[in-house]
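What's in start-v6.csv: CSV, C-alpha atoms
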chain,number,residue,atom,x,y,z
J,1,MET,CA,11.4,73.3,111.1
J,2,THR,CA,9.6,75.2,108.5
J,3,THR,CA,9.0,73.0,105.4
J,4,LEU,CA,9.6,74.2,101.8
J,5,ARG,CA,5.9,73.5,101.2
J,6,ASP,CA,5.0,75.9,104.0
J,7,ILE,CA,7.1,78.6,102.4
J,8,PHE,CA,5.7,77.9,99.0
J,9,PHE,CA,2.1,78.1,100.0
J,10,THR,CA,2.6,81.2,102.2
J,11,PHE,CA,4.0,83.0,99.2
J,12,VAL,CA,1.2,81.7,97.0
J,13,LYS,CA,-1.1,83.6,99.4
J,14,VAL,CA,1.1,86.7,99.2
J,15,GLY,CA,1.0,86.6,95.4
J,16,ALA,CA,-2.8,86.0,95.3
J,17,PHE,CA,-3.6,88.9,97.6
J,18,THR,CA,-1.1,91.4,96.1
J,19,PHE,CA,-2.6,93.8,93.5
J,20,GLY,CA,0.3,95.4,91.6
J,21,GLY,CA,3.3,94.2,93.6
J,22,GLY,CA,5.6,96.8,95.1
J,23,TYR,CA,4.3,98.6,98.2
J,24,ALA,CA,1.0,96.8,97.9
J,25,MET,CA,2.6,93.6,99.0
J,26,LEU,CA,4.1,94.9,102.3
J,27,PRO,CA,0.9,94.6,104.5
J,28,ILE,CA,0.2,91.1,103.4
J,29,ILE,CA,3.9,90.0,104.0
J,30,GLN,CA,3.6,91.5,107.4
J,31,LYS,CA,0.4,89.6,108.1
J,32,GLU,CA,1.6,86.3,106.7
J,33,VAL,CA,5.3,86.2,107.2
J,34,VAL,CA,6.1,88.4,110.2
J,35,ALA,CA,3.2,86.9,112.1
J,36,ARG,CA,4.7,83.4,111.7
J,37,GLY,CA,7.9,84.7,113.4
J,38,TRP,CA,10.0,83.9,110.3
J,39,ILE,CA,11.4,87.5,110.1
J,40,THR,CA,11.0,90.9,111.8
J,41,ASP,CA,9.3,94.0,110.4
J,42,ARG,CA,12.8,95.6,110.4
J,43,GLU,CA,14.1,92.9,108.1
J,44,VAL,CA,11.1,93.2,105.8
J,45,ALA,CA,11.9,96.9,105.3
J,46,ASP,CA,15.6,96.1,104.7
J,47,TYR,CA,14.9,93.4,102.2
J,48,TYR,CA,12.4,95.6,100.4
J,49,ALA,CA,14.8,98.5,100.1
J,50,LEU,CA,17.6,96.2,98.9
J,51,SER,CA,15.3,94.5,96.4
J,52,GLN,CA,14.8,97.9,94.6
J,53,CYS,CA,18.5,98.1,94.0
J,54,LEU,CA,18.9,94.7,92.5
J,55,PRO,CA,17.8,93.6,89.0
J,56,GLY,CA,14.4,91.9,88.8
J,57,MET,CA,10.9,92.5,90.2
J,58,ILE,CA,10.7,93.9,93.8
J,59,ALA,CA,8.0,91.4,94.8
J,60,VAL,CA,10.0,88.4,93.5
J,61,ASN,CA,13.3,89.6,95.0
J,62,THR,CA,11.7,90.3,98.4
J,63,ALA,CA,10.3,86.8,98.4
J,64,ALA,CA,13.7,85.3,97.6
J,65,PHE,CA,15.3,87.2,100.5
J,66,ILE,CA,12.7,86.0,103.0
J,67,GLY,CA,12.7,82.4,101.7
J,68,HIS,CA,16.5,82.4,101.9
J,69,LYS,CA,16.4,83.7,105.5
J,70,VAL,CA,14.0,80.9,106.5
J,71,ARG,CA,15.4,77.9,104.7
J,72,GLY,CA,18.5,78.9,102.6
J,73,LYS,CA,18.7,78.7,98.9
J,74,ALA,CA,15.9,76.1,98.5
J,75,GLY,CA,13.7,78.3,100.6
J,76,GLY,CA,14.4,81.3,98.3
J,77,VAL,CA,13.4,79.3,95.2
J,78,ALA,CA,10.2,78.0,96.9
J,79,ALA,CA,9.2,81.5,97.9
J,80,CYS,CA,9.8,82.9,94.3
J,81,LEU,CA,7.9,80.1,92.7
J,82,GLY,CA,5.1,80.6,95.2
J,83,VAL,CA,4.7,84.3,94.7
J,84,VAL,CA,4.4,84.0,90.9
J,85,THR,CA,2.1,80.9,90.8
J,86,PRO,CA,-1.2,82.9,91.3
J,87,SER,CA,-0.2,85.3,88.5
J,88,PHE,CA,0.6,82.4,86.2
J,89,LEU,CA,-2.7,80.5,86.8
J,90,ILE,CA,-4.9,83.6,86.5
J,91,ILE,CA,-3.3,85.0,83.4
J,92,THR,CA,-3.2,81.7,81.7
J,93,ILE,CA,-6.9,81.3,82.1
J,94,ILE,CA,-7.6,84.9,80.9
J,95,ALA,CA,-5.1,84.6,78.0
J,96,ALA,CA,-6.9,81.4,76.8
J,97,PHE,CA,-10.2,83.2,76.4
J,98,ILE,CA,-9.2,86.7,75.4
J,99,ASN,CA,-9.2,86.1,71.7
J,100,ASN,CA,-12.8,84.9,71.7
J,101,ALA,CA,-13.7,87.9,73.9
J,102,LEU,CA,-12.1,90.3,71.5
J,103,GLU,CA,-14.5,89.4,68.7
J,104,PHE,CA,-17.3,91.1,70.6
J,105,VAL,CA,-17.8,94.7,69.6
J,106,PRO,CA,-18.6,95.9,73.2
J,107,VAL,CA,-15.2,94.5,74.3
J,108,GLN,CA,-13.5,96.3,71.5
J,109,ARG,CA,-15.2,99.5,72.5
J,110,ALA,CA,-14.3,99.0,76.1
J,111,LEU,CA,-10.6,98.4,75.1
J,112,PHE,CA,-10.7,101.8,73.3
J,113,GLY,CA,-11.4,103.5,76.7
J,114,ILE,CA,-9.1,101.2,78.7
J,115,SER,CA,-6.2,102.0,76.4
J,116,ALA,CA,-6.6,105.7,77.0
J,117,VAL,CA,-6.8,105.1,80.8
J,118,VAL,CA,-3.6,102.9,80.7
J,119,CYS,CA,-1.9,105.9,79.0
J,120,ALA,CA,-3.1,108.1,81.9
J,121,LEU,CA,-1.9,105.6,84.5
J,122,ILE,CA,1.5,105.5,83.0
J,123,ALA,CA,1.6,109.3,82.6
J,124,HIS,CA,0.8,109.7,86.3
J,125,ALA,CA,3.6,107.2,87.1
J,126,VAL,CA,6.1,109.2,85.0
J,127,ILE,CA,5.1,112.4,86.8
J,128,ARG,CA,5.7,110.8,90.2
J,129,LEU,CA,8.9,109.1,89.1
J,130,TRP,CA,10.3,112.4,87.8
J,131,LYS,CA,10.0,113.9,91.3
J,132,THR,CA,12.1,111.2,92.9
J,133,ALA,CA,14.5,110.3,90.1
J,134,VAL,CA,15.5,113.6,88.5
J,135,LYS,CA,16.7,115.7,91.4
J,136,ASP,CA,19.6,117.7,90.0
J,137,VAL,CA,21.3,118.9,86.8
J,138,PHE,CA,23.2,115.6,86.5
J,139,GLY,CA,19.9,113.7,86.7
J,140,LEU,CA,18.3,116.0,84.1
J,141,CYS,CA,21.3,115.4,81.7
J,142,VAL,CA,21.1,111.6,82.1
J,143,TYR,CA,17.3,111.8,81.6
J,144,ALA,CA,17.5,113.9,78.4
J,145,LEU,CA,20.4,112.0,77.0
J,146,THR,CA,18.8,108.6,77.5
J,147,LEU,CA,15.5,109.7,76.1
J,148,ILE,CA,17.1,111.2,72.9
J,149,LEU,CA,19.3,108.1,72.3
J,150,ALA,CA,16.4,105.7,72.8
J,151,LEU,CA,13.8,107.7,70.8
J,152,PHE,CA,15.8,108.9,67.8
J,153,PHE,CA,18.7,106.5,67.6
J,154,ASN,CA,16.9,103.3,68.7
J,155,LEU,CA,19.9,102.2,70.8
J,156,PRO,CA,19.6,98.9,72.8
J,157,ILE,CA,17.9,99.6,76.2
J,158,ALA,CA,20.2,97.4,78.2
J,159,GLY,CA,23.2,99.3,76.7
J,160,LEU,CA,21.6,102.6,77.7
J,161,LEU,CA,21.1,101.4,81.3
J,162,VAL,CA,24.8,100.2,81.6
J,163,GLY,CA,25.8,103.6,80.2
J,164,ALA,CA,23.7,105.5,82.8
J,165,LEU,CA,25.2,103.3,85.6
J,166,SER,CA,28.7,104.2,84.4
J,167,LEU,CA,27.8,107.9,84.3
J,168,GLY,CA,26.6,107.7,87.9
J,169,ILE,CA,29.8,106.1,89.1
J,170,ALA,CA,31.9,108.6,87.0
J,171,ALA,CA,30.1,111.5,88.5
J,172,ASP,CA,30.6,110.2,92.0
J,173,LEU,CA,34.4,109.8,91.3
J,174,TYR,CA,34.5,113.3,90.0
J,175,ARG,CA,32.8,114.7,93.0
J,176,GLY,CA,35.1,112.6,95.3
J,177,LYS,CA,38.1,114.4,93.8
J,178,GLY,CA,36.9,117.7,95.0
J,179,GLY,CA,35.6,118.8,91.6
J,180,GLY,CA,32.0,118.6,90.5
J,181,ALA,CA,30.5,121.6,92.1
J,182,ARG,CA,26.8,121.6,91.2
R,1,MET,CA,13.1,77.9,68.2
R,2,ILE,CA,10.4,80.1,69.8
R,3,TYR,CA,10.9,78.8,73.4
R,4,LEU,CA,14.6,79.5,73.4
R,5,LEU,CA,14.0,83.0,72.0
R,6,LEU,CA,11.3,83.7,74.6
R,7,ALA,CA,13.6,82.4,77.4
R,8,PHE,CA,16.5,84.6,76.1
R,9,GLU,CA,14.5,87.8,75.8
R,10,PHE,CA,12.8,87.5,79.1
R,11,PHE,CA,16.0,86.5,80.9
R,12,LYS,CA,17.5,89.7,79.5
R,13,ILE,CA,14.6,91.8,80.6
R,14,GLY,CA,14.8,90.2,84.1
R,15,LEU,CA,18.5,91.1,84.3
R,16,PHE,CA,18.0,94.8,83.3
R,17,VAL,CA,14.8,95.7,85.0
R,18,PHE,CA,15.2,97.7,88.2
R,19,GLY,CA,12.1,98.2,90.2
R,20,GLY,CA,8.6,97.6,88.8
R,21,ALA,CA,6.7,96.7,85.8
R,22,LEU,CA,7.0,100.2,84.3
R,23,ALA,CA,10.8,99.7,83.9
R,24,ALA,CA,10.0,96.6,81.7
R,25,LEU,CA,7.8,98.5,79.3
R,26,PRO,CA,10.5,99.9,77.0
R,27,PHE,CA,11.9,96.4,76.6
R,28,LEU,CA,8.4,95.0,75.8
R,29,TYR,CA,7.9,97.7,73.1
R,30,ARG,CA,11.2,96.8,71.6
R,31,LEU,CA,10.0,93.2,71.4
R,32,THR,CA,7.1,94.4,69.1
R,33,GLN,CA,9.8,95.9,66.8
R,34,LEU,CA,12.0,92.8,66.8
R,35,TYR,CA,9.5,90.0,66.5
R,36,ASP,CA,5.9,89.5,65.4
R,37,TRP,CA,4.9,88.0,68.7
R,38,PHE,CA,2.4,90.7,69.6
R,39,THR,CA,1.4,94.2,68.5
R,40,PRO,CA,1.7,97.4,70.5
R,41,ALA,CA,-2.1,97.5,70.7
R,42,GLU,CA,-2.1,94.0,72.2
R,43,LEU,CA,0.6,95.0,74.7
R,44,THR,CA,-1.7,97.8,75.9
R,45,TYR,CA,-4.5,95.4,76.8
R,46,MET,CA,-2.0,93.0,78.4
R,47,ILE,CA,-0.9,95.9,80.6
R,48,ALA,CA,-4.5,96.8,81.5
R,49,ILE,CA,-5.2,93.1,82.4
R,50,GLY,CA,-1.9,92.7,84.2
R,51,GLN,CA,-2.8,95.7,86.4
R,52,SER,CA,-6.3,94.4,87.1
R,53,VAL,CA,-5.6,91.0,88.5
R,54,PRO,CA,-3.6,89.9,91.5
R,55,GLY,CA,0.2,89.4,91.4
R,56,PRO,CA,3.2,91.5,90.4
R,57,ILE,CA,2.3,93.4,87.2
R,58,ALA,CA,5.4,92.6,85.2
R,59,VAL,CA,5.1,88.9,86.0
R,60,ASN,CA,1.5,89.0,84.8
R,61,ILE,CA,2.5,90.6,81.6
R,62,ALA,CA,5.4,88.2,81.0
R,63,THR,CA,3.1,85.2,81.5
R,64,PHE,CA,0.6,86.8,79.1
R,65,ILE,CA,3.1,87.4,76.4
R,66,GLY,CA,4.6,84.0,76.8
R,67,PHE,CA,1.1,82.4,76.5
R,68,HIS,CA,0.1,84.6,73.6
R,69,THR,CA,3.3,83.8,71.7
R,70,ALA,CA,3.7,80.1,72.3
R,71,GLY,CA,0.8,78.6,74.4
R,72,PRO,CA,0.9,77.4,78.0
R,73,LEU,CA,4.5,76.2,77.9
R,74,GLY,CA,5.5,79.6,76.5
R,75,GLY,CA,3.9,81.2,79.5
R,76,VAL,CA,5.9,78.9,81.9
R,77,ILE,CA,9.1,79.6,80.1
R,78,ALA,CA,8.7,83.4,79.9
R,79,THR,CA,7.7,83.7,83.5
R,80,THR,CA,10.6,81.5,84.7
R,81,ALA,CA,13.2,83.1,82.6
R,82,PHE,CA,12.0,86.5,83.8
R,83,ILE,CA,12.4,85.8,87.5
R,84,ILE,CA,15.6,83.8,87.4
R,85,PRO,CA,18.2,86.7,87.2
R,86,GLY,CA,16.8,88.5,90.2
R,87,MET,CA,16.3,85.3,92.2
R,88,VAL,CA,19.8,84.1,91.6
R,89,ILE,CA,21.4,87.5,92.4
R,90,VAL,CA,19.4,87.7,95.6
R,91,LEU,CA,20.4,84.2,96.7
R,92,ILE,CA,24.0,84.9,96.0
R,93,THR,CA,24.0,88.3,97.7
R,94,ALA,CA,21.7,87.5,100.6
R,95,ARG,CA,24.5,86.6,103.0
R,96,PHE,CA,26.4,89.9,102.7
R,97,MET,CA,23.5,92.1,102.0
R,98,ASN,CA,24.2,94.6,104.7
R,99,GLN,CA,27.6,95.7,103.4
R,100,PHE,CA,26.1,95.6,100.0
R,101,ALA,CA,23.3,98.1,100.8
R,102,GLU,CA,25.9,100.7,101.9
R,103,ASN,CA,28.3,100.1,99.0
R,104,ARG,CA,29.4,103.5,97.5
R,105,TRP,CA,29.7,102.3,93.9
R,106,LEU,CA,26.2,100.7,94.0
R,107,LYS,CA,24.7,104.0,95.4
R,108,ALA,CA,26.5,106.1,92.8
R,109,GLY,CA,25.5,103.8,90.0
R,110,LEU,CA,21.9,103.9,91.1
R,111,CYS,CA,22.0,107.7,91.0
R,112,GLY,CA,22.7,107.3,87.2
R,113,ILE,CA,20.2,104.6,86.6
R,114,ARG,CA,17.2,106.2,88.2
R,115,PRO,CA,16.9,109.1,85.7
R,116,ALA,CA,17.6,106.7,82.8
R,117,VAL,CA,14.8,104.5,83.9
R,118,ALA,CA,12.5,107.6,84.2
R,119,ALA,CA,13.6,108.4,80.6
R,120,LEU,CA,12.9,104.9,79.3
R,121,ILE,CA,9.4,104.9,80.9
R,122,THR,CA,8.8,108.3,79.3
R,123,LEU,CA,9.7,106.7,76.0
R,124,ALA,CA,7.1,104.0,76.6
R,125,LEU,CA,4.6,106.7,77.3
R,126,ILE,CA,5.4,108.5,74.1
R,127,LEU,CA,5.0,105.3,72.1
R,128,MET,CA,1.7,104.6,73.8
R,129,VAL,CA,0.3,108.1,73.4
R,130,ARG,CA,1.3,108.0,69.7
R,131,MET,CA,-0.6,104.8,69.3
R,132,THR,CA,-3.7,105.5,71.4
R,133,LEU,CA,-4.3,109.2,71.4
R,134,LEU,CA,-2.9,110.1,68.0
R,135,ASP,CA,-3.3,108.7,64.5
R,136,TRP,CA,0.4,109.0,63.8
R,137,ASP,CA,0.7,106.8,60.7
R,138,GLY,CA,-2.3,108.5,59.1
R,139,PHE,CA,-0.7,111.9,59.9
R,140,LEU,CA,2.6,110.9,58.2
R,141,ALA,CA,0.6,109.8,55.1
R,142,ASP,CA,-1.5,113.0,54.5
R,143,ASN,CA,-0.2,115.7,57.0
R,144,ASP,CA,-3.8,116.3,58.2
R,145,TRP,CA,-3.4,118.1,61.6
R,146,ILE,CA,-7.0,117.9,62.5
R,147,ALA,CA,-7.2,114.1,61.9
R,148,LEU,CA,-4.0,113.7,63.9
R,149,VAL,CA,-5.6,113.9,67.3
R,150,ASN,CA,-8.1,111.2,68.4
R,151,GLY,CA,-10.4,113.5,70.3
R,152,ARG,CA,-12.5,111.0,72.1
R,153,ALA,CA,-9.5,109.1,73.4
R,154,VAL,CA,-7.9,112.4,74.5
R,155,ILE,CA,-11.0,113.3,76.5
R,156,ILE,CA,-11.0,109.9,78.3
R,157,PHE,CA,-7.2,110.2,78.9
R,158,ALA,CA,-7.5,113.8,80.3
R,159,ALA,CA,-10.5,112.8,82.6
R,160,ALA,CA,-8.6,109.7,83.8
R,161,LEU,CA,-5.4,111.6,84.5
R,162,ALA,CA,-7.3,114.3,86.5
R,163,ALA,CA,-9.1,111.6,88.5
R,164,ILE,CA,-5.9,109.7,89.2
R,165,ILE,CA,-4.1,112.8,90.4
R,166,LYS,CA,-7.1,113.8,92.6
R,167,TRP,CA,-8.0,110.3,94.0
R,168,ASP,CA,-5.2,107.8,94.6
R,169,LYS,CA,-7.4,104.7,94.1
R,170,HIS,CA,-6.3,101.3,92.8
R,171,PRO,CA,-5.7,101.2,89.0
R,172,ILE,CA,-8.5,98.6,88.5
R,173,VAL,CA,-11.1,101.4,89.4
R,174,TYR,CA,-9.8,103.6,86.6
R,175,ILE,CA,-9.5,100.7,84.2
R,176,LEU,CA,-13.2,99.6,84.8
R,177,ALA,CA,-14.3,103.2,84.4
R,178,GLY,CA,-12.3,103.5,81.2
R,179,GLY,CA,-14.0,100.4,79.8
R,180,LEU,CA,-17.4,101.9,80.5
R,181,ALA,CA,-16.4,105.2,78.9
R,182,GLY,CA,-15.1,103.3,75.9
R,183,ILE,CA,-18.4,101.5,75.4
R,184,LEU,CA,-20.2,104.8,75.6
R,185,LEU,CA,-17.8,107.0,73.6
R,186,ALA,CA,-15.8,104.8,71.2
R,187,PRO,CA,-16.3,105.9,67.6

Represent the supplied structure as structure tokens.
Amino acid sequence: MTTLRDIFFTFVKVGAFTFGGGYAMLPIIQKEVVARGWITDREVADYYALSQCLPGMIAVNTAAFIGHKVRGKAGGVAACLGVVTPSFLIITIIAAFINNALEFVPVQRALFGISAVVCALIAHAVIRLWKTAVKDVFGLCVYALTLILALFFNLPIAGLLVGALSLGIAADLYRGKGGGAR
Amino acid sequence: MIYLLLAFEFFKIGLFVFGGALAALPFLYRLTQLYDWFTPAELTYMIAIGQSVPGPIAVNIATFIGFHTAGPLGGVIATTAFIIPGMVIVLITARFMNQFAENRWLKAGLCGIRPAVAALITLALILMVRMTLLDWDGFLADNDWIALVNGRAVIIFAAALAAIIKWDKHPIVYILAGGLAGILLAP
């Protein structure tokens, strides 16, 4: 029987070797988890797809699914804690020293360039996201409406997401009734 | 009570974030408006560091903010509160996940959420550009169009964006290059 400690340390490894979460974690999960015979490749793909539809981080949710498959609820918790442990340790060490580092002028100058690059990385992500998320007139309307409400009216973000969810369901109902030609 | 506030805010973000770290950014910018825990400029370097070390980016940033705001215990609390909603929902739904994935209402709702998430990340981008590439506050004060644009930052931004589109390398490559460019070009 697989112990909770096995699950925890397997996911510590997954967390430590994943740069960026998301897709980057699939190869290491295949290597560590599928190779142990805990789950199949097919299941990993299913869990991964489903994790994107649920609230929370994809990496953490996928870990919870796999841990649950192996050892039930306790296994799910062990996997989640394992996958975030490397992040926690590494960031805590960096965060403890960052304020000293920021007093050096070269570090400040480097951050000037890094900030511009972070903008570029996010701009690139937005471009890619646009192609998959905004596919039709309905998507464009939701996009524009959300952006205007958030930018100019400062509405709560959680509220905007619930509103968008409701619009998606309403549009589906409308189409289902035979209306809603696009 | 700072720990309770951190737990509450990060639980909320964990509950409303779909997908990756980017979807959490609009929430994190809102935190800079609501509390004096960290500034938007500090958030930018937390994002850069979060992308440059192992682990899920949003978890890295949550730990960073928690530590920055309330020390090591703050880091533990922000990280834990952040992962709990997803974890609990997964553990509850894991048993009937197959029906769930085919659920019509879930699919329809996601059709609405995806463009909204794209819009919210665009919002985060706008805030970040305004802070990094433009001198927005100075512009509002004296309406000086020429001083509005931070030329050197725009050059680094444009070069980085072109490189990212051309070569799909890991973010850490661009972040290191940006650091070097900053040391050479920063005013």

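Among R:Leu5, R:Leu127, R:Met46, R:Ala186, the residue with the shortest atom-to-atom distance to chain J, counting only C-alpha atoms, is R:Ala186.
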
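Separating atom CA of Thr92 of chain J from atom CA of Gly86 of chain R is a distance of 22.8 Å.
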
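Pairwise distance (atom CA of Ile155 of chain R, atom CA of Ala58 of chain R) equals 27.8 Å.
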
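Distance annotation: of R:Ala158, R:Ala153, R:Ala116, R:Ala81, the residue with the minimal separation from Ala158 of chain J is R:Ala116; atom set is only C-alpha atoms.
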
Exercise for review: Please indicate the distance in Å from atom CA of Ile121 of chain R to atom CA of Leu22 of chain R, rounded to one decimal place.
Suggested key: 6.3 Å

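Using only C-alpha atoms, the smallest distance between any of J:Thr10, J:Thr2, J:Asn61, J:Asn100 and chain R comes from J:Asn61.
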
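Neighbouring residues of Val107 of chain J at 8 Å or closer, counting only C-alpha atoms and skipping chain neighbours under 5 positions away, are J:Ala101, J:Leu102, R:Ile183.
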
Exercise for review: Using all atoms listed in the file, determine which residues lie at most 8 Å from segment 24-40 of chain J, disregarding the query and same-chain residues fewer than 6 positions distant; provide the list as number ranges by chain.
Suggested key: J: 10, 14, 17-18, 59, 66, 69-70

Exercise for review: Identify, on the basis of all atoms listed in the file, every residue whose closest approach to segment 82-90 of chain J does not exceed 10 Å; exclude the query and any residue fewer than 6 positions from it along the same chain; express the result as a ChimeraX atom specification.
Suggested key: /J:5-18,59-60,62-64,76 /R:50,53-64,67,72,75-76,79-80,83

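Compared by their closest atoms to Thr146 of chain J, and using all atoms listed in the file, the residues R:Asp142, R:Lys166, R:Leu123, R:Phe157 rank with R:Leu123 nearest.
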
Point to revise | Spatial neighbours of Ala150 of chain J, max dist 9 Å, all atoms listed in the file, sep filter under 4 positions, as number ranges by chain | key: J: 145-146, 154-157, 160; R: 119-120, 123

Sel. within 10 Å of pt (23.2, 105.9, 84.8), counting all atoms listed in the file, output as a PDB file with C-alpha atoms, in the frame of the given file:
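What landed in part_29.pdb:
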ATOM      1  CA  PHE J 138      23.200 115.600  86.500  1.00  0.00           C
ATOM      2  CA  GLY J 139      19.900 113.700  86.700  1.00  0.00           C
ATOM      3  CA  VAL J 142      21.100 111.600  82.100  1.00  0.00           C
ATOM      4  CA  TYR J 143      17.300 111.800  81.600  1.00  0.00           C
ATOM      5  CA  THR J 146      18.800 108.600  77.500  1.00  0.00           C
ATOM      6  CA  LEU J 160      21.600 102.600  77.700  1.00  0.00           C
ATOM      7  CA  LEU J 161      21.100 101.400  81.300  1.00  0.00           C
ATOM      8  CA  VAL J 162      24.800 100.200  81.600  1.00  0.00           C
ATOM      9  CA  GLY J 163      25.800 103.600  80.200  1.00  0.00           C
ATOM     10  CA  ALA J 164      23.700 105.500  82.800  1.00  0.00           C
ATOM     11  CA  LEU J 165      25.200 103.300  85.600  1.00  0.00           C
ATOM     12  CA  SER J 166      28.700 104.200  84.400  1.00  0.00           C
ATOM     13  CA  LEU J 167      27.800 107.900  84.300  1.00  0.00           C
ATOM     14  CA  GLY J 168      26.600 107.700  87.900  1.00  0.00           C
ATOM     15  CA  ILE J 169      29.800 106.100  89.100  1.00  0.00           C
ATOM     16  CA  ALA J 170      31.900 108.600  87.000  1.00  0.00           C
ATOM     17  CA  ALA J 171      30.100 111.500  88.500  1.00  0.00           C
TER      18      ALA J 171
ATOM     19  CA  ALA R 108      26.500 106.100  92.800  1.00  0.00           C
ATOM     20  CA  GLY R 109      25.500 103.800  90.000  1.00  0.00           C
ATOM     21  CA  LEU R 110      21.900 103.900  91.100  1.00  0.00           C
ATOM     22  CA  CYS R 111      22.000 107.700  91.000  1.00  0.00           C
ATOM     23  CA  GLY R 112      22.700 107.300  87.200  1.00  0.00           C
ATOM     24  CA  ILE R 113      20.200 104.600  86.600  1.00  0.00           C
ATOM     25  CA  ARG R 114      17.200 106.200  88.200  1.00  0.00           C
ATOM     26  CA  PRO R 115      16.900 109.100  85.700  1.00  0.00           C
ATOM     27  CA  ALA R 116      17.600 106.700  82.800  1.00  0.00           C
ATOM     28  CA  VAL R 117      14.800 104.500  83.900  1.00  0.00           C
TER      29      VAL R 117
END

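Distances here use all atoms listed in the file; by that measure, the residue among J:Ala110, J:Leu4, J:Val77, J:Ala96 closest to chain R is J:Ala110.
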
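Counting only C-alpha atoms, the residue from R:Ala141, R:Ile77, R:Ile65, R:Val154 that sits nearest to Ile49 of chain R is R:Ile65.
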
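Residues within 10 Å of Phe65 of chain J, counting only C-alpha atoms and excluding same-chain residues fewer than 5 positions away, are Glu43, Val44, Asp46, Tyr47, Tyr48, Leu50, Ser51, Val60, Val70, Gly72, Lys73, Gly75, Gly76, Val77, Ala79 and Cys80 of chain J; Met87, Val90, Leu91, Thr93, Ala94, Arg95 and Met97 of chain R.
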